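Student: If you scroll down you'll find the structure; I have some questions about it.
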Amino acid sequence: MYTDLATIYERAGRVEGRNGSITQIPILTMPNDDITHPIPDLTGYITEGQIYVDRQLHNRQIYPPINVLPSLSRLMKSAIGEGMTRKDHADVSNQLYACYAIGKDVQAMKAVVGEEALTSDDLLYLEFLQKFERNFIAQGSLRKPHCL
């Protein structure tokens with residue numbers, strides 16, 4: 001199946017008799033949001049990156065509902081840094097990612113043990129999580145995104 005999918009994606013990007021390539025953005029739905037379903041799973045190995053649209057973020061009216069944790073770009077490292085973006089782009093990205101991931105873990109823990117069992121650091125990560133989603137991910141159609 002991997003070879004078949006790769007062939008389909010490659011064929012879609014070719015124009016007979018012409019040089020160059022076409023960038024395509026395949027859009028997949030995952031049955032029951034199952035990331036391990038064979039089609040989304042194999043497509044993840046073939047494509048240069050994935051942007052995950054998240055049903056839970058959508059239900060909370062966070063638009064665009066991009067789940068940054070499973071989303072990725074295999075080309076990001078060659079397109080960021082001094083001369084292209086900020087010198088510390090990779091470091092800032094990694095720190096935001098790590099804090100958001102910890103915040104999601106704390107959010108899951110809170111659902112089990114309750115907020116009163118959380119430490120002061122846990123509460124700070126929860127606050128970060130909420131602000132990151134509200135002020136960074138959620139951009140809306142008329143709002144300019146801004147840094148935390």
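A note on labels: chains of the structure tokens are A, B, ... as shown, every chain counts residues from 1, and ligands are counted from 1 in their shown order.
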Give me the residues within 8 Å of Tyr97 (chain A) as number ranges by chain, counting only C-alpha atoms and dropping any in the same chain fewer than 3 places off.

Tutor: A: 68-69, 93-94, 100-101

Student: Using only C-alpha atoms, which protein or nucleic acid residues come within 8 Å of region 102-110 of chain A? Drop anything in the same chain fewer than 4 positions from it, and give the result as a list in words.

Tutor: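 Skipping anything fewer than 4 positions along the chain leaves Ala98, Gly114, Glu115, Ala117, Leu118, Asp122, Tyr125, Leu126, Phe128 and Leu129 of chain A.
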
Student: Using only C-alpha atoms, find the one residue out of A:Glu127, A:Glu133, A:Glu16, A:Glu82 that sits nearest to Asn67 (chain A).

Tutor: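 Checking each of A:Glu127, A:Glu133, A:Glu16, A:Glu82 against Asn67 (chain A), counting only C-alpha atoms, the winner is A:Glu133.
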
Student: Can you pull out the residues contacting Arg134 (chain A)? Cut-off 10 Å, using only C-alpha atoms, and skip same-chain residues under 5 positions away; I want them as a VMD selection string.

Tutor: chain A and resid 61 to 63 128 to 129 139 148

Student: Among region 20-132 of chain A, which ones does DSSP place in strand (DSSP E), written as a VMD selection string?

Tutor: chain A and resid 49 to 53 66 to 73

Student: Create the file for the chosen residues now, containing N, CA and C atoms and written as an mmCIF file, in the first residue's frame.

Tutor:
```cif
data_model
loop_
_atom_site.group_PDB
_atom_site.id
_atom_site.type_symbol
_atom_site.label_atom_id
_atom_site.label_comp_id
_atom_site.auth_asym_id
_atom_site.auth_seq_id
_atom_site.Cartn_x
_atom_site.Cartn_y
_atom_site.Cartn_z
ATOM 1 N N GLY A 49 5.349 16.846 5.462
ATOM 2 C CA GLY A 49 4.823 17.398 6.701
ATOM 3 C C GLY A 49 3.336 17.149 6.809
ATOM 4 N N GLN A 50 2.820 17.348 7.992
ATOM 5 C CA GLN A 50 1.393 17.166 8.231
ATOM 6 C C GLN A 50 0.887 18.289 9.122
ATOM 7 N N ILE A 51 -0.323 18.732 8.831
ATOM 8 C CA ILE A 51 -1.025 19.690 9.682
ATOM 9 C C ILE A 51 -2.281 18.981 10.159
ATOM 10 N N TYR A 52 -2.389 18.791 11.464
ATOM 11 C CA TYR A 52 -3.529 18.080 12.028
ATOM 12 C C TYR A 52 -4.604 19.057 12.473
ATOM 13 N N VAL A 53 -5.778 18.896 11.889
ATOM 14 C CA VAL A 53 -6.944 19.669 12.301
ATOM 15 C C VAL A 53 -7.639 18.846 13.380
ATOM 16 N N ILE A 66 -5.764 23.823 14.719
ATOM 17 C CA ILE A 66 -4.531 23.082 14.430
ATOM 18 C C ILE A 66 -3.959 22.499 15.714
ATOM 19 N N ASN A 67 -3.811 21.185 15.742
ATOM 20 C CA ASN A 67 -3.170 20.517 16.870
ATOM 21 C C ASN A 67 -1.676 20.477 16.573
ATOM 22 N N VAL A 68 -0.914 21.280 17.296
ATOM 23 C CA VAL A 68 0.514 21.413 16.998
ATOM 24 C C VAL A 68 1.328 20.187 17.407
ATOM 25 N N LEU A 69 0.832 19.387 18.339
ATOM 26 C CA LEU A 69 1.645 18.271 18.826
ATOM 27 C C LEU A 69 1.893 17.204 17.754
ATOM 28 N N PRO A 70 0.880 16.701 17.052
ATOM 29 C CA PRO A 70 1.185 15.717 16.010
ATOM 30 C C PRO A 70 1.561 16.354 14.666
ATOM 31 N N SER A 71 1.351 17.657 14.510
ATOM 32 C CA SER A 71 1.708 18.324 13.255
ATOM 33 C C SER A 71 3.228 18.424 13.157
ATOM 34 N N LEU A 72 3.749 18.384 11.926
ATOM 35 C CA LEU A 72 5.201 18.468 11.782
ATOM 36 C C LEU A 72 5.582 18.927 10.390
ATOM 37 N N SER A 73 6.813 19.398 10.272
ATOM 38 C CA SER A 73 7.413 19.736 8.989
ATOM 39 C C SER A 73 8.810 19.137 8.969
#
```

Student: Mind checking which residues fall within 12 Å of region 23-40 of chain A, counting only C-alpha atoms, ignoring those fewer than 4 positions away in the same chain, and posting them as a list in words?

Tutor: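 After dropping sequence-adjacent residues, the list is Met1, Tyr2, Thr3, Asp4, Leu5, Ala6, Ile8, Tyr9, Glu10, Arg11, Ala12, Gly13, Arg14, Val15, Gly44, Tyr45, Ile46, Thr47, Glu48, Gly49, Gln50, Ile51, Tyr52, Val53, Asp54, Arg55, Gln56, Pro70 and Ser71 of chain A.
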
Student: With DSSP run on the backbone, what are the helix (DSSP H, G or I) residues within chain A? I'd like them as a PyMOL selection string.

Tutor: chain A and resi 2-12+31-33+38-46+55-59+76-78+89-113+115-117+120-137

Student: Rank A:Ala90, A:Asp121, A:Ala111, A:Gln95 by their smallest atom-to-atom distance to Lys77 (chain A), using only C-alpha atoms, and report the top residue only.

Tutor: A:Ala90

Student: Between CA of Thr119 (chain A) and CA of Asn135 (chain A), what is the distance in Å, rounded to a tenth?

Tutor: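 According to the coordinates, CA of Thr119 (chain A) and CA of Asn135 (chain A) are separated by 24.0 Å.
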